[in-house]
$ cat query_1.txt   # compact mmCIF, C-alpha atoms
# COMPACT_ATOMS: atom_id res chain seq x y z
CA MET A 1 98.39 121.24 -52.99
CA ARG A 2 95.29 119.14 -53.29
CA ASN A 3 94.86 116.65 -50.47
CA ASN A 4 94.28 112.98 -51.11
CA ILE A 5 90.60 112.10 -51.01
CA TYR A 6 91.28 108.59 -49.71
CA ILE A 7 93.23 109.91 -46.74
CA TYR A 8 90.30 112.23 -45.96
CA ILE A 9 87.95 109.26 -46.03
CA PHE A 10 90.27 107.22 -43.82
CA VAL A 11 90.61 110.02 -41.23
CA MET A 12 86.84 110.50 -41.15
CA ALA A 13 86.14 106.80 -40.79
CA ALA A 14 88.74 106.33 -38.05
CA VAL A 15 87.52 109.25 -35.92
CA THR A 16 83.87 108.33 -36.33
CA TYR A 17 84.44 104.66 -35.51
CA LEU A 18 86.47 105.46 -32.39
CA ILE A 19 83.69 107.73 -31.08
CA ARG A 20 81.28 104.83 -31.48
CA ALA A 21 83.47 101.98 -30.31
CA LEU A 22 85.26 103.40 -27.25
CA PRO A 23 82.27 103.78 -24.91
CA LEU A 24 80.78 100.47 -26.04
CA THR A 25 83.94 98.50 -25.39
CA LEU A 26 85.21 100.37 -22.32
CA ILE A 27 81.96 100.40 -20.33
CA ARG A 28 81.42 96.70 -19.75
CA ARG A 29 79.75 96.79 -16.34
CA GLN A 30 76.20 97.68 -15.47
CA ILE A 31 76.22 101.22 -14.10
CA THR A 32 74.67 101.38 -10.61
CA ASN A 33 74.70 105.13 -9.93
CA PRO A 34 70.99 106.06 -9.98
CA PHE A 35 71.55 109.43 -11.65
CA VAL A 36 73.71 108.04 -14.46
CA LYS A 37 71.34 105.11 -14.89
CA SER A 38 68.30 107.37 -15.17
CA PHE A 39 70.19 109.76 -17.43
CA LEU A 40 71.12 107.00 -19.86
CA TYR A 41 67.58 105.63 -19.72
CA TYR A 42 66.20 108.95 -20.99
CA VAL A 43 68.94 109.63 -23.57
CA PRO A 44 67.37 107.78 -26.52
CA TYR A 45 63.95 109.41 -26.10
CA ALA A 46 65.42 112.89 -25.75
CA THR A 47 67.70 112.35 -28.76
CA LEU A 48 65.01 110.97 -31.04
CA ALA A 49 62.47 113.60 -30.03
CA ALA A 50 64.96 116.43 -30.56
CA MET A 51 65.94 115.08 -33.96
CA THR A 52 62.34 114.55 -35.07
CA PHE A 53 60.74 117.85 -34.21
CA PRO A 54 60.73 120.36 -35.81
CA ALA A 55 63.01 118.75 -38.46
CA ILE A 56 60.16 116.53 -39.70
CA LEU A 57 58.32 119.64 -40.89
CA PHE A 58 61.18 120.43 -43.29
CA SER A 59 61.86 116.88 -44.46
CA THR A 60 59.79 117.06 -47.66
CA SER A 61 59.50 119.66 -50.40
CA GLY A 62 56.64 121.51 -48.67
CA ILE A 63 55.54 122.15 -45.10
CA LEU A 64 51.93 121.20 -45.89
CA SER A 65 52.77 117.69 -47.10
CA ALA A 66 55.23 117.30 -44.21
CA ALA A 67 52.57 118.30 -41.68
CA ALA A 68 50.15 115.79 -43.19
CA GLY A 69 52.80 113.06 -43.01
CA PHE A 70 53.61 114.07 -39.42
CA GLY A 71 49.95 113.84 -38.41
CA THR A 72 49.61 110.44 -40.05
CA ALA A 73 52.71 109.12 -38.31
CA LEU A 74 51.54 110.47 -34.93
CA VAL A 75 48.15 108.77 -35.15
CA LEU A 76 49.55 105.44 -36.35
CA ALA A 77 52.36 105.49 -33.79
CA TYR A 78 49.82 106.19 -31.04
CA ARG A 79 47.93 103.11 -32.18
CA GLU A 80 51.23 101.22 -31.84
CA LYS A 81 51.55 100.17 -35.48
CA SER A 82 54.88 98.72 -36.61
CA LEU A 83 57.84 100.88 -37.64
CA LEU A 84 57.40 99.89 -41.24
CA THR A 85 53.68 100.69 -41.32
CA VAL A 86 54.13 104.10 -39.72
CA ALA A 87 57.04 105.09 -41.97
CA CYS A 88 55.45 103.86 -45.21
CA CYS A 89 52.05 105.41 -44.53
CA ALA A 90 53.72 108.75 -43.79
CA CYS A 91 55.56 108.52 -47.13
CA VAL A 92 52.39 107.64 -49.04
CA VAL A 93 50.46 110.53 -47.48
CA VAL A 94 53.27 112.97 -48.34
CA PHE A 95 53.31 111.70 -51.91
CA ALA A 96 49.50 111.98 -52.21
CA VAL A 97 49.34 115.49 -50.73
CA GLU A 98 52.08 116.74 -53.03
CA LEU A 99 50.35 115.17 -56.01
CA ALA A 100 47.08 116.86 -55.02
CA GLU A 101 48.90 120.19 -54.56
CA LYS A 102 50.30 119.91 -58.09
CA MET A 103 46.92 119.09 -59.57
CA ILE A 104 45.28 122.06 -57.88
CA ALA A 105 48.07 124.46 -58.89
CA MET B 106 75.39 63.04 -20.03
CA LEU B 107 72.08 64.65 -19.36
CA GLN B 108 73.80 67.93 -18.74
CA ALA B 109 75.71 67.72 -22.01
CA ASP B 110 72.47 67.10 -23.88
CA ARG B 111 70.89 70.07 -22.27
CA LYS B 112 73.86 72.20 -23.21
CA VAL B 113 73.56 71.23 -26.87
CA GLY B 114 69.85 71.96 -26.74
CA ASN B 115 70.52 75.37 -25.26
CA GLU B 116 73.03 76.20 -27.94
CA LYS B 117 70.59 75.22 -30.66
CA MET B 118 67.92 77.34 -29.09
CA GLU B 119 70.29 80.27 -28.82
CA MET B 120 71.21 79.96 -32.47
CA SER B 121 67.61 80.10 -33.55
CA VAL B 122 67.03 83.08 -31.26
CA ASP B 123 69.94 84.87 -32.94
CA ASP B 124 68.52 83.99 -36.30
CA GLU B 125 65.08 85.23 -35.34
CA GLU B 126 66.50 88.48 -33.95
CA TRP B 127 68.45 88.98 -37.17
CA ARG B 128 65.33 88.52 -39.29
CA ARG B 129 63.33 90.82 -37.07
CA GLY B 130 66.10 93.41 -37.36
CA MET B 131 65.99 93.19 -41.13
CA LYS B 132 62.24 93.78 -41.14
CA ASP B 133 62.50 96.75 -38.78
CA GLY B 134 65.40 98.03 -40.88
CA ILE B 135 63.30 98.55 -44.02
CA PRO B 136 62.07 102.04 -43.09
CA ILE B 137 65.65 102.97 -42.15
CA CYS B 138 66.76 101.74 -45.57
CA LEU B 139 64.12 103.85 -47.35
CA GLY B 140 64.96 106.96 -45.40
CA TYR B 141 68.69 106.42 -45.84
CA PHE B 142 68.28 105.95 -49.56
CA ALA B 143 66.59 109.33 -49.88
CA VAL B 144 69.14 111.18 -47.73
CA ALA B 145 72.10 109.38 -49.32
CA PHE B 146 70.76 110.23 -52.74
CA ALA B 147 70.89 113.91 -51.85
CA PHE B 148 74.39 113.37 -50.46
CA GLY B 149 75.47 111.70 -53.71
CA ILE B 150 74.27 114.62 -55.80
CA GLN B 151 76.26 117.01 -53.62
CA ALA B 152 79.34 114.78 -53.60
CA GLU B 153 79.30 114.73 -57.38
CA ALA B 154 79.18 118.53 -57.42
CA VAL B 155 82.31 118.65 -55.22
CA GLY B 156 84.09 116.34 -57.66
CA LEU B 157 83.97 112.94 -55.97
CA THR B 158 83.61 109.85 -58.14
CA ALA B 159 80.80 107.37 -57.51
CA PHE B 160 83.35 104.97 -56.00
CA GLN B 161 84.83 107.57 -53.65
CA ALA B 162 81.45 108.79 -52.46
CA SER B 163 80.16 105.25 -51.92
CA LEU B 164 83.36 104.28 -50.10
CA MET B 165 82.88 107.26 -47.81
CA SER B 166 79.29 106.21 -47.12
CA VAL B 167 80.03 102.58 -46.35
CA THR B 168 82.98 103.38 -44.06
CA ASN B 169 81.46 106.38 -42.26
CA LEU B 170 77.73 105.82 -42.13
CA THR B 171 76.98 109.29 -40.85
CA SER B 172 74.86 111.82 -42.69
CA ALA B 173 75.82 115.02 -40.88
CA GLY B 174 79.51 114.11 -40.77
CA GLN B 175 79.65 113.33 -44.46
CA PHE B 176 77.86 116.51 -45.50
CA ALA B 177 80.29 118.48 -43.35
CA ALA B 178 83.20 116.63 -44.97
CA LEU B 179 82.15 117.72 -48.45
CA GLY B 180 82.51 121.34 -47.46
CA MET B 181 85.97 120.67 -46.00
CA ILE B 182 87.14 118.73 -49.03
CA SER B 183 86.10 121.41 -51.47
CA ALA B 184 87.78 124.05 -49.28
CA GLY B 185 90.97 121.95 -49.14
CA GLY B 186 91.00 121.74 -45.32
CA SER B 187 93.77 119.91 -43.49
CA TYR B 188 93.43 116.34 -42.24
CA ALA B 189 93.51 117.58 -38.64
CA GLU B 190 90.66 119.97 -39.35
CA MET B 191 88.73 117.11 -40.88
CA ALA B 192 89.31 114.97 -37.79
CA LEU B 193 88.16 117.76 -35.49
CA ALA B 194 85.05 118.46 -37.56
CA GLN B 195 84.07 114.80 -37.46
CA LEU B 196 84.66 114.69 -33.72
CA VAL B 197 82.34 117.63 -33.07
CA VAL B 198 79.61 116.66 -35.51
CA ASN B 199 79.59 113.00 -34.46
CA LEU B 200 80.17 113.33 -30.73
CA ARG B 201 76.53 112.45 -30.10
CA TYR B 202 77.36 108.86 -31.08
CA CYS B 203 79.49 108.72 -27.94
CA LEU B 204 76.41 109.38 -25.83
CA MET B 205 74.46 106.76 -27.75
CA SER B 206 77.22 104.18 -27.32
CA CYS B 207 77.23 104.80 -23.57
CA ALA B 208 73.50 104.08 -23.47
CA LEU B 209 73.92 101.00 -25.67
CA SER B 210 76.74 99.66 -23.50
CA GLN B 211 74.14 99.11 -20.78
CA LYS B 212 71.87 97.10 -23.06
CA ILE B 213 74.37 94.48 -24.18
CA LYS B 214 74.97 91.37 -22.11
CA GLU B 215 77.83 91.93 -19.71
CA ASP B 216 79.48 88.58 -20.34
CA GLY B 217 78.80 88.47 -24.07
CA ALA B 218 81.62 88.20 -26.59
CA ALA B 219 83.63 91.43 -26.81
CA ALA B 220 83.79 91.10 -30.58
CA HIS B 221 80.06 91.85 -30.76
CA ARG B 222 80.66 95.21 -29.13
CA PHE B 223 83.02 96.17 -31.96
CA GLY B 224 80.45 94.94 -34.45
CA VAL B 225 77.51 96.81 -32.92
CA ALA B 226 79.67 99.97 -32.66
CA TYR B 227 80.02 100.16 -36.43
CA GLY B 228 76.27 100.58 -36.77
CA VAL B 229 75.72 103.28 -34.15
CA THR B 230 73.82 105.84 -36.20
CA ASP B 231 70.91 107.97 -35.01
CA GLU B 232 68.45 105.58 -36.56
CA ILE B 233 69.98 102.16 -35.89
CA PHE B 234 70.74 103.23 -32.33
CA GLY B 235 67.25 104.57 -31.80
CA ILE B 236 65.61 101.36 -32.89
CA SER B 237 68.12 99.07 -31.12
CA VAL B 238 68.05 100.77 -27.75
CA CYS B 239 64.27 100.78 -27.52
CA ARG B 240 63.99 97.01 -27.88
CA PRO B 241 62.66 95.74 -24.57
CA GLY B 242 65.16 93.82 -22.47
CA GLU B 243 68.73 93.05 -23.35
CA LEU B 244 69.92 93.83 -26.85
CA ASN B 245 70.86 90.84 -28.94
CA PRO B 246 73.71 91.98 -31.24
CA PHE B 247 72.10 90.05 -34.06
CA TYR B 248 69.12 92.39 -33.98
CA SER B 249 71.52 95.27 -34.67
CA TYR B 250 73.20 93.25 -37.39
CA GLY B 251 69.80 92.68 -38.99
CA LEU B 252 69.15 96.43 -39.03
CA MET B 253 72.60 97.01 -40.52
CA THR B 254 72.13 94.32 -43.18
CA VAL B 255 69.26 96.30 -44.64
CA ALA B 256 70.17 99.87 -43.74
CA ILE B 257 73.81 100.01 -44.85
CA PRO B 258 73.13 98.97 -48.46
CA GLY B 259 70.35 101.60 -48.54
CA TRP B 260 72.81 104.27 -47.45
CA THR B 261 75.62 103.13 -49.76
CA LEU B 262 73.58 102.42 -52.88
CA GLY B 263 71.62 105.63 -52.39
CA THR B 264 74.93 107.48 -52.51
CA THR B 265 75.99 105.64 -55.66
CA ALA B 266 72.66 106.38 -57.33
CA GLY B 267 72.86 110.04 -56.36
CA VAL B 268 76.30 110.46 -57.93
CA VAL B 269 75.57 108.46 -61.05
CA SER B 270 72.26 110.03 -61.80
CA GLY B 271 70.71 112.89 -59.88
CA ASN B 272 67.51 112.38 -61.82
CA LEU B 273 67.19 108.62 -61.47
CA LEU B 274 64.21 109.07 -59.18
CA PRO B 275 61.50 111.69 -59.67
CA GLN B 276 61.67 114.57 -57.18
CA SER B 277 58.24 113.65 -55.80
CA VAL B 278 59.47 110.21 -54.70
CA ILE B 279 62.65 111.61 -53.09
CA SER B 280 60.53 114.16 -51.24
CA ALA B 281 58.13 111.50 -49.95
CA LEU B 282 60.98 109.22 -48.81
CA GLY B 283 62.46 112.11 -46.84
CA ILE B 284 59.90 111.69 -44.08
CA ALA B 285 60.44 107.92 -43.63
CA ILE B 286 63.11 108.22 -40.95
CA TYR B 287 61.06 110.63 -38.85
CA GLY B 288 57.98 108.44 -39.13
CA MET B 289 60.07 105.61 -37.77
CA PHE B 290 61.35 107.72 -34.87
CA LEU B 291 57.78 108.56 -33.92
CA ALA B 292 56.87 104.87 -34.04
CA VAL B 293 59.58 104.32 -31.41
CA ILE B 294 58.97 107.21 -29.02
CA ILE B 295 55.19 107.65 -29.09
CA PRO B 296 54.24 104.18 -27.75
CA ALA B 297 56.86 104.55 -24.99
CA ALA B 298 55.56 108.04 -24.15
CA LYS B 299 52.04 106.66 -24.04
CA GLY B 300 53.07 104.03 -21.50
CA GLU B 301 55.19 106.19 -19.19
CA ARG B 302 54.54 109.73 -18.03
CA SER B 303 58.24 110.43 -17.47
CA VAL B 304 59.09 109.47 -21.06
CA LEU B 305 56.22 111.63 -22.30
CA GLY B 306 57.69 114.56 -20.37
CA VAL B 307 61.13 113.95 -21.85
CA VAL B 308 59.75 113.73 -25.40
CA VAL B 309 57.66 116.91 -25.14
CA CYS B 310 60.47 118.88 -23.47
CA ALA B 311 63.08 117.75 -25.98
CA MET B 312 60.81 118.80 -28.85
CA LEU B 313 60.14 122.20 -27.28
CA VAL B 314 63.82 122.86 -26.61
CA SER B 315 64.57 121.74 -30.17
CA VAL B 316 62.09 124.31 -31.49
CA MET B 317 63.75 126.92 -29.29
CA PHE B 318 67.09 126.15 -30.93
CA ARG B 319 65.47 126.73 -34.33
CA VAL B 320 63.76 129.96 -33.38
CA ILE B 321 66.47 131.75 -31.39
CA PRO B 322 69.05 133.01 -33.92
CA ALA B 323 72.04 132.86 -31.55
CA LEU B 324 71.41 129.16 -30.86
CA GLY B 325 70.86 128.42 -34.54
CA ALA B 326 74.56 129.03 -35.18
CA ILE B 327 75.42 125.80 -33.32
CA SER B 328 75.87 122.85 -35.68
CA SER B 329 72.92 120.49 -35.77
CA GLY B 330 74.96 117.57 -34.45
CA PHE B 331 76.00 119.58 -31.43
CA GLN B 332 72.47 120.87 -30.91
CA VAL B 333 71.30 117.29 -30.50
CA ILE B 334 73.99 116.67 -27.87
CA LEU B 335 73.06 119.80 -25.91
CA ILE B 336 69.34 119.10 -25.97
CA THR B 337 69.85 115.46 -25.03
CA VAL B 338 72.14 116.26 -22.11
CA ILE B 339 69.97 119.10 -20.75
CA VAL B 340 66.66 117.25 -20.98
CA SER B 341 67.95 113.82 -19.87
CA ALA B 342 69.84 115.28 -16.91
CA ALA B 343 66.80 117.27 -15.79
CA ALA B 344 64.62 114.18 -16.13
CA ALA B 345 67.13 112.05 -14.22
CA VAL B 346 67.02 114.53 -11.31
CA LEU B 347 63.25 115.10 -11.32
CA MET B 348 62.12 111.58 -12.22
CA PRO B 349 64.83 109.06 -11.34
CA VAL B 350 64.19 105.61 -12.74
CA GLY B 351 62.92 103.64 -9.74
CA GLU B 352 63.70 100.05 -8.84
CA GLU B 353 60.27 98.76 -9.81
CA GLY B 354 59.52 101.22 -12.57
CA GLY B 355 62.94 100.73 -14.15
CA GLU B 356 63.96 99.20 -17.38
CA PRO B 357 61.90 96.14 -18.22
CA GLY B 358 65.05 94.43 -19.37
CA GLU B 359 66.52 94.45 -15.93
CA THR B 360 63.79 92.41 -14.34
CA ALA B 361 63.85 89.98 -17.24
CA ALA B 362 67.61 89.62 -16.92
CA GLU B 363 67.30 89.11 -13.18
CA LYS B 364 64.69 86.44 -13.68
CA GLU B 365 66.92 84.72 -16.17
CA ALA B 366 69.83 84.84 -13.75
CA GLY B 367 67.56 83.37 -11.08
CA ASN B 368 66.52 80.52 -13.35
CA LEU B 369 70.11 79.75 -14.19
CA ALA B 370 71.03 79.67 -10.52
CA GLU B 371 68.39 77.03 -9.92
$ encode --input "query_1.txt" --output "structure tokens"
Amino acid sequence: MRNNIYIYIFVMAAVTYLIRALPLTLIRRQITNPFVKSFLYYVPYATLAAMTFPAILFSTSGILSAAAGFGTALVLAYREKSLLTVACCACVVVFAVELAEKMIA
Amino acid sequence: MLQADRKVGNEKMEMSVDDEEWRRGMKDGIPICLGYFAVAFAFGIQAEAVGLTAFQASLMSVTNLTSAGQFAALGMISAGGSYAEMALAQLVVNLRYCLMSCALSQKIKEDGAAAHRFGVAYGVTDEIFGISVCRPGELNPFYSYGLMTVAIPGWTLGTTAGVVSGNLLPQSVISALGIAIYGMFLAVIIPAAKGERSVLGVVVCAMLVSVMFRVIPALGAISSGFQVILITVIVSAAAAVLMPVGEEGGEPGETAAEKEAGNLAE
């Protein structure tokens, strides 16, 4: 028997929303425990760093263009450019490098 | 009388602050939108291959808003898995959102309207969370709403476009857009790492451990969503023990909030 696609979607949405909403609505107070406080302070940086590297190297169709985009983003981020500038410049560099690769090949 | 006037003035000011935060969120959301469009496009192509219509795939995107979870779901749907299996798969793949929501719960005003917490929860994705939580000071829910206003259509319409026409965009453009989200992440973590040694340590360690997970075959078997949880917990816990956030070196938002409370008391 083939399951109903809409029930699948509903189950997925319900589970995913509960995971997101429960901690946000249940933890209303400021946490005072120094360990938990420090832990939660570092969570976003650890998460974003883990998700970015090495995944960024495989985010385009070739590792060379990805590395060029990565380098561009690193330099611009270090100079504290805006999110939009960093992201767009990385995209443009990837596009240019891949174009150059095609022309050479 | 005077007090009433002041109250009205405060409310007006607050409204314009909300408005400003919303606009700012929309601007910061543009790279998320671009990155989402590219990833959602790929998702749409795969959803079409599994047999979903454009409407079904887009509905899934707008209600779920989770890349890893949705890709995992496609596999389950084509294999005809049970609803319970689907629920469990989503729980495991998306459990990292729980960690993110815990961190966010500390950023939202304690006495703010509870409804905003339900609203902000809907938009807890890797990207929207990452940008929201790194805003200095308390998080205004309208900033998150601004991010969502731009990012969610990118995710949903990207899905639609992927199903309807896999070759709507040239491959070179899709490839270039693929890096947008990571560029944005770097724009968040690098300036913070530059300013604080402890954050720099966390960033470098998390990246190294992440590489380890890629390189060691036994660890590679763990789903990517769960890998992120493990790495986050290990590195953040180690950092919390070795470099606890001090009173004075703590979150900038705290001092700002304290000042505000002090002003109000006067």
$ residues_around --input "query_1.txt" --residues "segment 153-167 of chain B" --least-positions-apart "2" --cutoff "7 Å" --atoms "only C-alpha atoms" --output "number ranges by chain"
A: 9; B: 149-151, 169-170, 179, 183, 257, 260-261, 264-265, 268-269
$ write_last_selection --input "query_1.txt" --atoms "C-alpha atoms" --output "short mmCIF file (atom, residue, chain, number, x, y, z; two decimals), in the frame of the given file"
data_model
loop_
_atom_site.label_atom_id
_atom_site.label_comp_id
_atom_site.auth_asym_id
_atom_site.auth_seq_id
_atom_site.Cartn_x
_atom_site.Cartn_y
_atom_site.Cartn_z
CA ILE A 9 87.95 109.26 -46.03
CA GLY B 149 75.47 111.70 -53.71
CA ILE B 150 74.27 114.62 -55.80
CA GLN B 151 76.26 117.01 -53.62
CA ASN B 169 81.46 106.38 -42.26
CA LEU B 170 77.73 105.82 -42.13
CA LEU B 179 82.15 117.72 -48.45
CA SER B 183 86.10 121.41 -51.47
CA ILE B 257 73.81 100.01 -44.85
CA TRP B 260 72.81 104.27 -47.45
CA THR B 261 75.62 103.13 -49.76
CA THR B 264 74.93 107.48 -52.51
CA THR B 265 75.99 105.64 -55.66
CA VAL B 268 76.30 110.46 -57.93
CA VAL B 269 75.57 108.46 -61.05
#
$ residues_around --input "query_1.txt" --residues "Leu324 of chain B" --least-positions-apart "6" --cutoff "12 Å" --atoms "only C-alpha atoms" --output "list in words"
Val314, Ser315, Val316, Met317, Phe318, Phe331, Gln332, Val333, Leu335 and Ile336 of chain B
$ write_last_selection --input "query_1.txt" --atoms "C-alpha atoms" --output "compact mmCIF listing (two decimals), in the coordinates of the input"
# COMPACT_ATOMS: atom_id res chain seq x y z
CA VAL B 314 63.82 122.86 -26.61
CA SER B 315 64.57 121.74 -30.17
CA VAL B 316 62.09 124.31 -31.49
CA MET B 317 63.75 126.92 -29.29
CA PHE B 318 67.09 126.15 -30.93
CA PHE B 331 76.00 119.58 -31.43
CA GLN B 332 72.47 120.87 -30.91
CA VAL B 333 71.30 117.29 -30.50
CA LEU B 335 73.06 119.80 -25.91
CA ILE B 336 69.34 119.10 -25.97
$ axis_aligned_box --input "query_1.txt" --around "segment 134-142 of chain B" --padding-each-side "8 Å" --output "JSON"
{"center_x": 65.4, "center_y": 102.5, "center_z": -45.2, "size_x": 22.6, "size_y": 24.9, "size_z": 24.7}
$ atom_distance --input "query_1.txt" --atom1 "atom CA of Gly62 of chain A" --atom2 "atom CA of Glu101 of chain A"
9.8 Å
$ residues_around --input "query_1.txt" --residues "Asn4 of chain A" --least-positions-apart "5" --cutoff "10 Å" --atoms "all atoms listed in the file" --output "ChimeraX atom specification"
/A:9 /B:182,185,188
$ residues_around --input "query_1.txt" --residues "Val94 of chain A" --least-positions-apart "6" --cutoff "7 Å" --atoms "all atoms listed in the file" --output "ChimeraX atom specification"
/A:65-66,68-69 /B:281
$ closest_residue --input "query_1.txt" --among "B:Val225, B:Ala189, B:Leu347, B:Ala208" --to "chain A" --atoms "only C-alpha atoms"
B:Ala208
$ closest_residue --input "query_1.txt" --among "A:Ile7, A:Leu76, A:Gly71, A:Ala87" --to "chain B" --atoms "only C-alpha atoms"
A:Ala87
$ closest_residue --input "query_1.txt" --among "B:Ile137, B:Ala285, B:Met253, B:Ala143" --to "Ile56 of chain A" --atoms "all atoms listed in the file"
B:Ala285
$ closest_residue --input "query_1.txt" --among "A:Leu57, A:Leu64, A:Met103, A:Leu24" --to "chain B" --atoms "all atoms listed in the file"
A:Leu24
$ closest_residue --input "query_1.txt" --among "B:Leu139, B:Val320, B:Val308, B:Ala298" --to "chain A" --atoms "all atoms listed in the file"
B:Val308
$ atom_distance --input "query_1.txt" --atom1 "atom CA of Tyr8 of chain A" --atom2 "atom CA of Ala192 of chain B"
8.7 Å
$ atom_distance --input "query_1.txt" --atom1 "atom CA of Leu99 of chain A" --atom2 "atom CA of Val144 of chain B"
20.9 Å
$ closest_residue --input "query_1.txt" --among "B:Gln175, B:Ser237, B:Ser270, B:Ser206" --to "chain A" --atoms "only C-alpha atoms"
B:Ser206
$ residues_near_point --input "query_1.txt" --point "(82.6, 105.8, -32.5)" --cutoff "8 Å" --atoms "all atoms listed in the file" --output "ChimeraX atom specification"
/A:15-23 /B:202-203,206,226-227,229
